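Written below as structure tokens is the structure these notes are about.
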Amino acid sequence: MLIFHLFSIIIYCYGGVAEWLKAHDSKSCIPLVGNRGFKSHPLRAKNMRAFVAFEIPEEIKVKVAKTLQDKKTHIKGVKWVEPENLHITCKFLGEVSDELINELVSELESNLQKGERVRVKISGAGAFPDSRKPRVLWLGVEGETEKLQKIWEVVENSASKLKIGEPERNYIPHLTIGRVKIPITIDKNLFNLTTDEFVITYLTLFQSTLTPSGPIYKKIRDIKL
């Protein structure tokens, strides 16, 4: 008889909880450890770590990768960028929600000059903040860089309007090749490289996923110039 009564109480309580959950949207509720019941929280928007950049042709990537391979033995303490990840940086956006990404793409598609063709080549080298205490190693960009500057200004203004990323005052078109892990000094003349000219006709939005072996870049969208 006692067992029967206990079983009846369990069924009664279970039914009460089920009715409560039905009355509240359990999918939007998060259980709180140490508290009775549930507290409702809005679901978080999905975020991605994102940046915008100009892609470079495969043959340019191959030439850059070959040059780096020949020089790597002379420089220690550098995490080199994988050949497939090489690109001309435009702006790092940081962690951004899907909703803001869509708004940014709309802004860029509306404000970027259509039919733009930018002729450039990879030439020269440098480091941020400087070659005496470098943190980032890069190859330079020559050619119609004033057009890249205008594109960057549109990206910067659009991102600022939507409060995406950190504000930047100036832009140096460059191709990041490595990130320095220990104090070193770099001879910029070590990377004596000039590629053939190529044409940029679009800006690309990338997602960056960090992994122990390095970042993985996924193309999200090409925005035609």
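By convention here, the chains of the structure tokens are called A, B, ... in the order presented, each chain's residues are numbered starting at 1, and ligands are numbered starting at 1 in the order presented.
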
- Task: Run DSSP on the backbone and grab whatever in region 22-190 of chain A lands in strand (DSSP E or B); send it over as a ChimeraX atom specification.
- Result: /A:29-31,38-40,47-54,78-80,88-97,118-128,136-143,174-180

Would you put the residues from that selection into a file with C-alpha atoms, as a JSON list (two decimals), in the first residue's frame?
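Written output follows (again_4.json):
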[["chain", "number", "residue", "atom", "x", "y", "z"],
["A", 29, "CYS", "CA", 14.69, 28.13, -20.52],
["A", 30, "ILE", "CA", 18.01, 27.31, -18.96],
["A", 31, "PRO", "CA", 18.10, 25.29, -15.71],
["A", 38, "PHE", "CA", 13.90, 27.34, -14.39],
["A", 39, "LYS", "CA", 14.86, 30.86, -15.37],
["A", 40, "SER", "CA", 14.03, 32.08, -18.86],
["A", 47, "ASN", "CA", 28.43, 34.29, -33.86],
["A", 48, "MET", "CA", 31.40, 33.79, -36.14],
["A", 49, "ARG", "CA", 34.97, 35.10, -36.13],
["A", 50, "ALA", "CA", 35.15, 36.92, -39.43],
["A", 51, "PHE", "CA", 37.29, 39.13, -41.68],
["A", 52, "VAL", "CA", 37.20, 40.56, -45.18],
["A", 53, "ALA", "CA", 40.09, 40.22, -47.62],
["A", 54, "PHE", "CA", 41.13, 40.18, -51.26],
["A", 78, "VAL", "CA", 57.68, 32.21, -36.57],
["A", 79, "LYS", "CA", 54.29, 30.59, -37.19],
["A", 80, "TRP", "CA", 54.06, 30.73, -40.98],
["A", 88, "ILE", "CA", 45.56, 40.51, -48.98],
["A", 89, "THR", "CA", 44.13, 41.71, -45.69],
["A", 90, "CYS", "CA", 41.34, 44.29, -45.70],
["A", 91, "LYS", "CA", 39.76, 44.28, -42.21],
["A", 92, "PHE", "CA", 39.42, 41.92, -39.26],
["A", 93, "LEU", "CA", 35.85, 42.05, -37.96],
["A", 94, "GLY", "CA", 36.11, 39.96, -34.79],
["A", 95, "GLU", "CA", 33.19, 37.95, -33.38],
["A", 96, "VAL", "CA", 30.07, 38.94, -35.32],
["A", 97, "SER", "CA", 26.49, 37.66, -35.27],
["A", 118, "VAL", "CA", 42.24, 46.68, -59.28],
["A", 119, "ARG", "CA", 45.61, 45.81, -60.81],
["A", 120, "VAL", "CA", 48.27, 44.95, -58.24],
["A", 121, "LYS", "CA", 51.31, 42.76, -57.62],
["A", 122, "ILE", "CA", 53.06, 41.43, -54.51],
["A", 123, "SER", "CA", 56.39, 43.16, -53.90],
["A", 124, "GLY", "CA", 58.54, 44.22, -50.95],
["A", 125, "ALA", "CA", 58.22, 43.18, -47.31],
["A", 126, "GLY", "CA", 57.71, 44.60, -43.85],
["A", 127, "ALA", "CA", 56.62, 43.90, -40.29],
["A", 128, "PHE", "CA", 54.15, 45.23, -37.73],
["A", 136, "VAL", "CA", 53.52, 40.14, -37.85],
["A", 137, "LEU", "CA", 55.56, 39.58, -41.03],
["A", 138, "TRP", "CA", 54.07, 40.62, -44.35],
["A", 139, "LEU", "CA", 54.70, 41.09, -48.06],
["A", 140, "GLY", "CA", 53.79, 44.41, -49.63],
["A", 141, "VAL", "CA", 51.33, 45.27, -52.38],
["A", 142, "GLU", "CA", 52.15, 47.59, -55.30],
["A", 143, "GLY", "CA", 50.05, 48.94, -58.17],
["A", 174, "HIS", "CA", 49.65, 43.67, -47.25],
["A", 175, "LEU", "CA", 49.78, 39.90, -47.37],
["A", 176, "THR", "CA", 50.47, 38.38, -43.94],
["A", 177, "ILE", "CA", 53.03, 35.57, -44.14],
["A", 178, "GLY", "CA", 53.86, 34.84, -40.51],
["A", 179, "ARG", "CA", 53.30, 35.65, -36.83],
["A", 180, "VAL", "CA", 56.32, 36.00, -34.55]]

- Query: Among chain A, which ones does DSSP place in alpha helix (DSSP H), written as a ChimeraX atom specification?
  - Reply: /A:2-23,58-71,98-111,145-161

- Task: For Glu84 (chain A), list every protein, DNA or RNA residue within 8 Å, evaluated using only C-alpha atoms, and leave out those in the same chain fewer than 2 positions away; present the list as a PyMOL selection string.
- Result: chain A and resi 61+82+86

Those residues with N, CA and C atoms, as a PDB file, in the first residue's frame please?
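Resulting contents of part.pdb:
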ATOM      1  N   LYS A  61      50.010  32.369 -55.013  1.00  0.00           N
ATOM      2  CA  LYS A  61      50.196  31.651 -53.753  1.00  0.00           C
ATOM      3  C   LYS A  61      51.370  30.679 -53.864  1.00  0.00           C
ATOM      4  N   GLU A  82      49.820  29.155 -43.792  1.00  0.00           N
ATOM      5  CA  GLU A  82      49.731  28.090 -44.796  1.00  0.00           C
ATOM      6  C   GLU A  82      49.421  28.696 -46.173  1.00  0.00           C
ATOM      7  N   LEU A  86      46.781  32.304 -47.690  1.00  0.00           N
ATOM      8  CA  LEU A  86      47.354  33.592 -48.085  1.00  0.00           C
ATOM      9  C   LEU A  86      46.293  34.482 -48.731  1.00  0.00           C
TER      10      LEU A  86
END

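Computed from the coordinates, the CA of Asn170 (chain A) to CA of Glu153 (chain A) distance equals 8.9 Å.
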
- Which residues come within 10 Å of Lys63 (chain A), counting only C-alpha atoms, excluding same-chain residues fewer than 3 positions away, as number ranges by chain? A: 58-60, 66-69, 83, 193-196

Who sits within 8 Å of Gly77 (chain A), only C-alpha atoms, same chain under 5 positions skipped, as an mmCIF file with C-alpha atoms, in the first residue's frame:
data_model
loop_
_atom_site.group_PDB
_atom_site.id
_atom_site.type_symbol
_atom_site.label_atom_id
_atom_site.label_comp_id
_atom_site.auth_asym_id
_atom_site.auth_seq_id
_atom_site.Cartn_x
_atom_site.Cartn_y
_atom_site.Cartn_z
ATOM 1 C CA VAL A 180 56.315 35.995 -34.551
ATOM 2 C CA LYS A 181 56.310 33.942 -31.345
ATOM 3 C CA ILE A 182 59.653 34.979 -29.819
ATOM 4 C CA ILE A 184 63.629 38.380 -33.205
#

- Query: Near region 160-163 of chain A, within 9 Å and counting only C-alpha atoms, which residues show up once chain neighbours fewer than 5 positions away are dropped, as a VMD selection string?
  - Reply: chain A and resid 100 103 to 104 155

Those residues with C-alpha atoms, as an mmCIF file, in the first residue's frame please?
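Result file follows (result-v7.cif):
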data_model
loop_
_atom_site.group_PDB
_atom_site.id
_atom_site.type_symbol
_atom_site.label_atom_id
_atom_site.label_comp_id
_atom_site.auth_asym_id
_atom_site.auth_seq_id
_atom_site.Cartn_x
_atom_site.Cartn_y
_atom_site.Cartn_z
ATOM 1 C CA LEU A 100 25.168 41.779 -38.396
ATOM 2 C CA GLU A 103 23.638 43.765 -42.646
ATOM 3 C CA LEU A 104 27.310 44.388 -43.407
ATOM 4 C CA VAL A 155 34.456 48.669 -45.384
#

- Surrounding residues of Ile200 (chain A) excluding itself and chain neighbours under 3 positions, 12 Å, only C-alpha atoms, as a list in words: Ala53, Phe54, Glu55, Ile56, Pro57, His87, Ile88, Gly115, Glu116, Arg117, Val118, Arg119, Val120, Lys121, Gly143, Glu144, Thr145, Lys147, Leu148, Ile151, Glu197, Leu203, Thr204, Asp222, Ile223, Lys224 and Leu225 of chain A

Please write the residues from the selection above to a file, keeping N, CA and C atoms, as a JSON list (two decimals), in the first residue's frame.
[["chain", "number", "residue", "atom", "x", "y", "z"],
["A", 53, "ALA", "N", 38.77, 40.21, -46.99],
["A", 53, "ALA", "CA", 40.09, 40.22, -47.62],
["A", 53, "ALA", "C", 39.94, 40.12, -49.14],
["A", 54, "PHE", "N", 41.06, 40.36, -49.82],
["A", 54, "PHE", "CA", 41.13, 40.18, -51.26],
["A", 54, "PHE", "C", 41.87, 38.88, -51.55],
["A", 55, "GLU", "N", 41.24, 37.99, -52.27],
["A", 55, "GLU", "CA", 41.91, 36.73, -52.62],
["A", 55, "GLU", "C", 42.97, 36.98, -53.68],
["A", 56, "ILE", "N", 43.97, 36.10, -53.70],
["A", 56, "ILE", "CA", 45.01, 36.18, -54.72],
["A", 56, "ILE", "C", 44.99, 34.89, -55.54],
["A", 57, "PRO", "N", 45.43, 34.96, -56.81],
["A", 57, "PRO", "CA", 45.40, 33.76, -57.67],
["A", 57, "PRO", "C", 46.28, 32.64, -57.12],
["A", 87, "HIS", "N", 46.28, 35.76, -48.35],
["A", 87, "HIS", "CA", 45.32, 36.72, -48.90],
["A", 87, "HIS", "C", 45.82, 38.13, -48.59],
["A", 88, "ILE", "N", 45.26, 39.10, -49.28],
["A", 88, "ILE", "CA", 45.56, 40.51, -48.98],
["A", 88, "ILE", "C", 44.54, 40.98, -47.96],
["A", 115, "GLY", "N", 31.92, 47.37, -60.94],
["A", 115, "GLY", "CA", 32.77, 47.30, -62.12],
["A", 115, "GLY", "C", 34.22, 47.68, -61.87],
["A", 116, "GLU", "N", 34.61, 47.77, -60.59],
["A", 116, "GLU", "CA", 35.99, 48.13, -60.26],
["A", 116, "GLU", "C", 36.93, 46.97, -60.57],
["A", 117, "ARG", "N", 38.08, 47.30, -61.16],
["A", 117, "ARG", "CA", 39.14, 46.33, -61.43],
["A", 117, "ARG", "C", 40.43, 46.90, -60.88],
["A", 118, "VAL", "N", 41.05, 46.17, -59.96],
["A", 118, "VAL", "CA", 42.24, 46.68, -59.28],
["A", 118, "VAL", "C", 43.45, 45.85, -59.70],
["A", 119, "ARG", "N", 44.40, 46.50, -60.35],
["A", 119, "ARG", "CA", 45.61, 45.81, -60.81],
["A", 119, "ARG", "C", 46.73, 46.01, -59.80],
["A", 120, "VAL", "N", 47.22, 44.89, -59.26],
["A", 120, "VAL", "CA", 48.27, 44.95, -58.24],
["A", 120, "VAL", "C", 49.26, 43.81, -58.44],
["A", 121, "LYS", "N", 50.35, 43.86, -57.68],
["A", 121, "LYS", "CA", 51.31, 42.76, -57.62],
["A", 121, "LYS", "C", 51.89, 42.73, -56.21],
["A", 143, "GLY", "N", 50.99, 48.79, -57.05],
["A", 143, "GLY", "CA", 50.05, 48.94, -58.17],
["A", 143, "GLY", "C", 48.97, 49.95, -57.81],
["A", 144, "GLU", "N", 47.73, 49.60, -58.12],
["A", 144, "GLU", "CA", 46.61, 50.52, -57.89],
["A", 144, "GLU", "C", 46.13, 50.44, -56.43],
["A", 145, "THR", "N", 47.06, 50.71, -55.53],
["A", 145, "THR", "CA", 46.73, 50.58, -54.10],
["A", 145, "THR", "C", 45.77, 51.67, -53.64],
["A", 147, "LYS", "N", 43.07, 52.39, -55.05],
["A", 147, "LYS", "CA", 41.73, 51.78, -55.18],
["A", 147, "LYS", "C", 41.44, 50.86, -54.00],
["A", 148, "LEU", "N", 42.46, 50.12, -53.56],
["A", 148, "LEU", "CA", 42.29, 49.28, -52.37],
["A", 148, "LEU", "C", 41.99, 50.15, -51.15],
["A", 151, "ILE", "N", 38.35, 51.11, -51.20],
["A", 151, "ILE", "CA", 37.51, 49.97, -50.81],
["A", 151, "ILE", "C", 37.56, 49.78, -49.31],
["A", 197, "GLU", "N", 51.69, 40.82, -62.20],
["A", 197, "GLU", "CA", 50.49, 41.60, -61.88],
["A", 197, "GLU", "C", 49.25, 40.73, -62.00],
["A", 203, "LEU", "N", 35.65, 41.40, -53.30],
["A", 203, "LEU", "CA", 36.06, 41.35, -51.90],
["A", 203, "LEU", "C", 35.42, 40.11, -51.30],
["A", 204, "THR", "N", 36.15, 39.41, -50.44],
["A", 204, "THR", "CA", 35.63, 38.15, -49.88],
["A", 204, "THR", "C", 35.47, 38.23, -48.38],
["A", 222, "ASP", "N", 31.49, 36.11, -51.69],
["A", 222, "ASP", "CA", 32.22, 37.05, -52.53],
["A", 222, "ASP", "C", 31.33, 38.27, -52.79],
["A", 223, "ILE", "N", 31.89, 39.45, -52.60],
["A", 223, "ILE", "CA", 31.15, 40.68, -52.84],
["A", 223, "ILE", "C", 31.78, 41.35, -54.07],
["A", 224, "LYS", "N", 31.08, 41.33, -55.16],
["A", 224, "LYS", "CA", 31.62, 41.82, -56.42],
["A", 224, "LYS", "C", 31.83, 43.31, -56.39],
["A", 225, "LEU", "N", 32.98, 43.75, -56.91],
["A", 225, "LEU", "CA", 33.29, 45.18, -56.98],
["A", 225, "LEU", "C", 32.65, 45.78, -58.23]]

- Message: If I take CA of Asn111 (chain A) and CA of Val154 (chain A), how far is one from the other in Å, to one decimal?
- Response: 6.9 Å
